[in-house]
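Here's the structure, in structure tokens; my notes come after.
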Amino acid sequence: MIERSQRIQLLPKYLFAKIDEAKARAISEGVDVIDLGIGDPDIPTPLAIVDELCEAARDPANHRYPTYEGMLEFREAVADWFRSRFNVDLDPTDEVLVLIGSKDGIGHIPLAFLNEGDYALIPDPGYPVYKAGVILSGGITYPLPLLSEGGFLPDLDGIDRDVARRAKLIFLNYPNNPTAAVADIRFFERVVEFAKANDILVCHDAAYSELGYDGYKAPSFLEAKGAKDVAVEFHSLSKTYNMTGWRIGFAVGNPDILAGLRGVKSNLDSGVFRAIQYAGIQALRSGRDSIARAMAIYKKRRNILVNGLRELGWSVPVPGAAFYVWIPVPEGYTSASLCEALLSKAGIVVTPGTGFGEHGEGYVRTALTVDEARLAEAVKRIGKLKWD
Ligand SMILES: *Cc1c(COP(=O)(O)O)cnc(C)c1O
């Protein structure tokens with residue numbers, strides 16, 4: 001056997017692959033599994049977006065290689081959307097880059113900026129791709145603990161000064177996965193100051209920017225004063241328009257940073273199928289009705305789970321955005337042992353907080369991506385459990 005590279009060996013096993021295995025085992029044993037594990041919307045993509053794809057797919061002009069940075073029309077739609085949503089101006093020629101889903105940009109940007117041994121600051125708990133991207137580029141990850149007492153924001157003053165000086169990149173993500181925490185402009189402005197003082201590039205992951213409850217509208221990092229000097233922001237159509245399988249997202253912000261990412265990507269991929277970009281334009285120009293409908297659905301589900309668990313005596317905070325509930329584990333359990341118990345005794349898949357980093361200990365993450373009846377059934381099963 002030819003040995004795999006050290007970089008690959010350093011990668012943690014992709015979290016959701018591991019959970020899939022445990023789930024498959026339970027299903028093969030005949031368990032009626034309720035899967036609250038993966039953040040993948042069960043609501044279909046709005047029909048107008050699907051129709052646009054079908055139509056664009058029939059046009060032979062769309063069958064050839066697309067441009068690397070995305071069609072100008074797509075980038076203009078992004079700039080228009082950004083102006084109306086955040087009141088931030090973007091130059092579509094060099095401040096917008098199409099991505100094969102935001103994971104593409106997040107995973108690849110460290111390759112453009114890190115040298116062997118450079119530090120990258122990553123949220124812990126956090127979306128696993130930040131760490132993977134850094135490891136694959138030979139960088140060193142330095143965890144930023146996201147703790148309940150800090151509102152799940154990193155403590156910038158607590159970062160080792162030497163590490164801050166040696167760091168080249170910081171990942172942030174608000175509204176946050178997995179904690180469902182949100183951040184305000186004041187926090188973003190402190191990050192800009194920190195980044196400028198230490199020559200650090202800010203990568204803000206805004207995959208859940210549109211998924212606020214009760215009219216909450218998350219700010220863009222680029223609304224912070226001076227942000228465009230140091231930052232790029234990753235956006236995704238996946239969660240906003242239930243398009244996870246389509247693979248389209250975009251990065252916006254500092255043109256030099258985007259050019260670095262484009263330089264990596266132009267050597268690895270050949271852009272996004274033009275028909276999908278047309279569908280993306282349709283999505284961005286479609287207004288907020290479909291988003292509001294989805295949020296109404298998530299809100300009902302959220303209330304069933306949160307209220308149901310509270311009635312069972314669990315202390316569960318109400319998330320203000322995204323479709324996750326970050327649940328503190330009851331006493332006597334760890335993240336892993338609760339997940340294990342929920343699967344083996346109740347047929348419920350949840351994600352251990354530790355799968356997102358060591359500071360996720362003490363929590364499990366549930367995704368509100370199953371219907372109300374299944375969530376009510378999950379609460380019922382948990383209520384019947386003997387917690388010995
Ligand atoms: C889902 C998710 C993404 C990736 O979305 P894409 O489908 O690749 O656009 C990025 N960041 C976070 C935090 C996510 O949860």
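If you're wondering about the labels, chains in the structure tokens are A, B, ... by order shown, residues count from 1 in each chain, ligands from 1 in order shown.
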Practice item. For stretch 282-299 of chain A, list every protein, DNA or RNA residue within 10 Å, evaluated using only C-alpha atoms, and leave out those in the same chain fewer than 4 positions away; present the list as a ChimeraX atom specification. Key: /A:41,43-46,48-53,74,77-82,210-215,237,239-243,276-278,303-305,319-324,367-372
Exercise for review: Give the alpha helix (DSSP H) residues of stretch 27-235 of chain A, as DSSP finds them on the backbone, and put them as a PyMOL selection string.
Suggested key: chain A and resi 27-28+47-57+72-86+102-113+129-136+161-166+185-198+227-230
Could you give me, as CSV, a per-residue list for chain A showing, wherever an atom lies at most 6 Å from an atom of ligand 1, the closest pair of atoms and their distance in Å to one decimal, using only C-alpha atoms and all ligand atoms and sorting by chain then residue number from low to high?
residue,atom,partner,partner_atom_place_in_ligand_line,distance
A:Gly101,CA,ligand 1,9 (O),3.5
A:Ser102,CA,ligand 1,9 (O),3.7
A:Lys103,CA,ligand 1,8 (O),3.6
A:Tyr127,CA,ligand 1,13 (C),5.1
A:Asn177,CA,ligand 1,13 (C),5.0
A:Asp205,CA,ligand 1,11 (N),5.8
A:Ala207,CA,ligand 1,11 (N),5.1
A:Ser236,CA,ligand 1,9 (O),4.1
A:Ser238,CA,ligand 1,7 (O),4.8
A:Thr244,CA,ligand 1,7 (O),4.8
A:Arg247,CA,ligand 1,7 (O),6.0
A:Gly249,CA,ligand 1,9 (O),5.2
Review point. Neighbours of stretch 352-363 of chain A within 10 Å (only C-alpha atoms; same-chain residues fewer than 2 positions away dropped), as a PyMOL selection string?
Key: chain A and resi 12-16+18-19+37+122-129+131+143-147+177-179+325-331+333-340+349-350+365-366
Keeping only N, CA and C atoms, write the selected residues as a CSV table (one decimal), in the first residue's frame.
chain,number,residue,atom,x,y,z
A,12,PRO,N,-8.8,15.4,10.3
A,12,PRO,CA,-9.8,14.6,11.0
A,12,PRO,C,-10.7,13.9,10.0
A,13,LYS,N,-11.2,12.7,10.4
A,13,LYS,CA,-12.2,12.1,9.4
A,13,LYS,C,-13.4,13.0,9.3
A,14,TYR,N,-13.8,13.2,8.1
A,14,TYR,CA,-14.9,14.2,7.9
A,14,TYR,C,-16.1,13.8,8.7
A,15,LEU,N,-16.5,14.7,9.6
A,15,LEU,CA,-17.4,14.5,10.7
A,15,LEU,C,-18.7,13.8,10.2
A,16,PHE,N,-19.3,14.3,9.1
A,16,PHE,CA,-20.6,13.8,8.7
A,16,PHE,C,-20.5,12.4,8.1
A,18,LYS,N,-18.6,10.1,9.3
A,18,LYS,CA,-18.6,9.2,10.5
A,18,LYS,C,-20.0,9.0,11.0
A,19,ILE,N,-20.8,10.1,11.0
A,19,ILE,CA,-22.1,10.0,11.5
A,19,ILE,C,-23.0,9.2,10.5
A,37,GLY,N,-29.0,15.2,12.2
A,37,GLY,CA,-27.6,15.4,12.1
A,37,GLY,C,-27.1,16.4,11.1
A,122,ILE,N,-9.0,29.8,13.9
A,122,ILE,CA,-10.3,29.2,13.5
A,122,ILE,C,-11.2,29.0,14.7
A,123,PRO,N,-12.5,29.3,14.5
A,123,PRO,CA,-13.5,29.1,15.5
A,123,PRO,C,-13.6,27.7,16.0
A,124,ASP,N,-13.7,27.5,17.3
A,124,ASP,CA,-13.9,26.2,17.9
A,124,ASP,C,-15.0,26.3,19.0
A,125,PRO,N,-16.2,25.7,18.8
A,125,PRO,CA,-16.5,24.8,17.7
A,125,PRO,C,-16.7,25.6,16.4
A,126,GLY,N,-16.5,24.9,15.2
A,126,GLY,CA,-16.6,25.6,13.9
A,126,GLY,C,-16.9,24.6,12.8
A,127,TYR,N,-17.3,25.1,11.7
A,127,TYR,CA,-17.5,24.3,10.5
A,127,TYR,C,-16.2,23.6,10.1
A,128,PRO,N,-16.2,22.3,10.0
A,128,PRO,CA,-14.9,21.6,9.9
A,128,PRO,C,-14.0,22.0,8.7
A,129,VAL,N,-14.6,22.6,7.7
A,129,VAL,CA,-13.8,22.9,6.5
A,129,VAL,C,-12.7,23.9,6.7
A,131,LYS,N,-10.7,24.1,9.3
A,131,LYS,CA,-9.5,23.4,9.8
A,131,LYS,C,-8.9,22.5,8.6
A,143,PRO,N,-7.0,27.4,17.7
A,143,PRO,CA,-8.5,27.5,17.9
A,143,PRO,C,-8.9,28.7,18.7
A,144,LEU,N,-10.0,29.3,18.3
A,144,LEU,CA,-10.6,30.4,19.0
A,144,LEU,C,-11.9,29.9,19.7
A,145,PRO,N,-11.8,29.7,21.1
A,145,PRO,CA,-13.0,29.1,21.7
A,145,PRO,C,-14.2,30.0,21.6
A,146,LEU,N,-15.3,29.3,21.2
A,146,LEU,CA,-16.6,30.0,21.2
A,146,LEU,C,-17.4,29.5,22.4
A,147,LEU,N,-17.5,30.3,23.4
A,147,LEU,CA,-18.1,29.9,24.7
A,147,LEU,C,-19.4,30.6,24.9
A,177,ASN,N,-22.7,28.5,12.7
A,177,ASN,CA,-22.9,27.0,12.7
A,177,ASN,C,-21.7,26.5,13.5
A,178,PRO,N,-21.9,25.8,14.6
A,178,PRO,CA,-23.1,25.1,15.0
A,178,PRO,C,-23.9,25.9,16.1
A,179,THR,N,-23.4,27.0,16.7
A,179,THR,CA,-24.0,27.5,17.9
A,179,THR,C,-25.3,28.3,17.7
A,325,VAL,N,-30.3,24.0,16.5
A,325,VAL,CA,-30.4,24.2,18.0
A,325,VAL,C,-29.2,23.6,18.6
A,326,TRP,N,-28.5,24.4,19.4
A,326,TRP,CA,-27.2,24.0,20.1
A,326,TRP,C,-27.6,23.7,21.5
A,327,ILE,N,-27.7,22.5,21.8
A,327,ILE,CA,-28.3,22.0,23.0
A,327,ILE,C,-27.2,21.6,24.1
A,328,PRO,N,-27.2,22.3,25.3
A,328,PRO,CA,-26.3,21.8,26.3
A,328,PRO,C,-26.8,20.4,26.8
A,329,VAL,N,-25.8,19.5,26.9
A,329,VAL,CA,-26.2,18.1,27.3
A,329,VAL,C,-26.6,18.1,28.8
A,330,PRO,N,-27.5,17.2,29.1
A,330,PRO,CA,-27.9,17.1,30.5
A,330,PRO,C,-26.8,16.6,31.4
A,331,GLU,N,-26.9,16.8,32.7
A,331,GLU,CA,-25.8,16.4,33.6
A,331,GLU,C,-25.6,14.9,33.5
A,333,TYR,N,-23.8,13.5,31.2
A,333,TYR,CA,-23.5,13.1,29.9
A,333,TYR,C,-22.3,14.0,29.3
A,334,THR,N,-21.7,13.4,28.3
A,334,THR,CA,-20.8,14.2,27.5
A,334,THR,C,-21.4,14.3,26.1
A,335,SER,N,-20.9,15.1,25.2
A,335,SER,CA,-21.4,15.2,23.9
A,335,SER,C,-21.5,13.8,23.2
A,336,ALA,N,-20.4,13.1,23.3
A,336,ALA,CA,-20.4,11.8,22.7
A,336,ALA,C,-21.4,10.8,23.3
A,337,SER,N,-21.4,10.8,24.6
A,337,SER,CA,-22.2,9.8,25.3
A,337,SER,C,-23.7,10.1,25.1
A,338,LEU,N,-24.1,11.4,25.0
A,338,LEU,CA,-25.5,11.7,24.7
A,338,LEU,C,-25.8,11.3,23.3
A,339,CYS,N,-25.0,11.6,22.3
A,339,CYS,CA,-25.2,11.2,20.9
A,339,CYS,C,-25.4,9.7,20.8
A,340,GLU,N,-24.5,9.0,21.5
A,340,GLU,CA,-24.6,7.5,21.5
A,340,GLU,C,-25.9,7.0,22.1
A,349,VAL,N,-30.5,10.7,15.5
A,349,VAL,CA,-29.1,11.1,15.2
A,349,VAL,C,-29.0,12.6,15.5
A,350,VAL,N,-28.0,13.0,16.3
A,350,VAL,CA,-27.7,14.4,16.5
A,350,VAL,C,-26.1,14.4,16.4
A,365,ARG,N,-25.5,19.3,18.5
A,365,ARG,CA,-26.2,20.1,17.5
A,365,ARG,C,-27.3,19.3,16.9
A,366,THR,N,-28.5,19.9,16.8
A,366,THR,CA,-29.6,19.4,16.1
A,366,THR,C,-30.0,20.3,14.9
Exercise for review: Please identify all polymer residues within 8 Å of stretch 257-259 of chain A, counting only C-alpha atoms, omitting same-chain residues fewer than 6 positions from it, and present them as JSON, numbers by chain.
Suggested key: {"A": [94, 95, 96, 97, 231, 232, 251]}
Hey, can you spit out that residue selection with C-alpha atoms as a tab-separated table (two decimals), in the first residue's frame?
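Just written: selection-v7.tsv:
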chain	number	residue	atom	x	y	z
A	94	ASP	CA	-13.12	42.32	-9.36
A	95	GLU	CA	-14.98	42.27	-6.05
A	96	VAL	CA	-17.20	39.26	-6.78
A	97	LEU	CA	-16.11	35.69	-7.56
A	231	ALA	CA	-11.71	40.89	4.38
A	232	VAL	CA	-13.57	38.64	2.05
A	251	ALA	CA	-17.05	35.37	-2.48
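The smallest atom-to-atom distance between A:Gly263 and any of A:Lys386, A:Lys345, A:His108, A:His235, using only C-alpha atoms, is found for A:His108.
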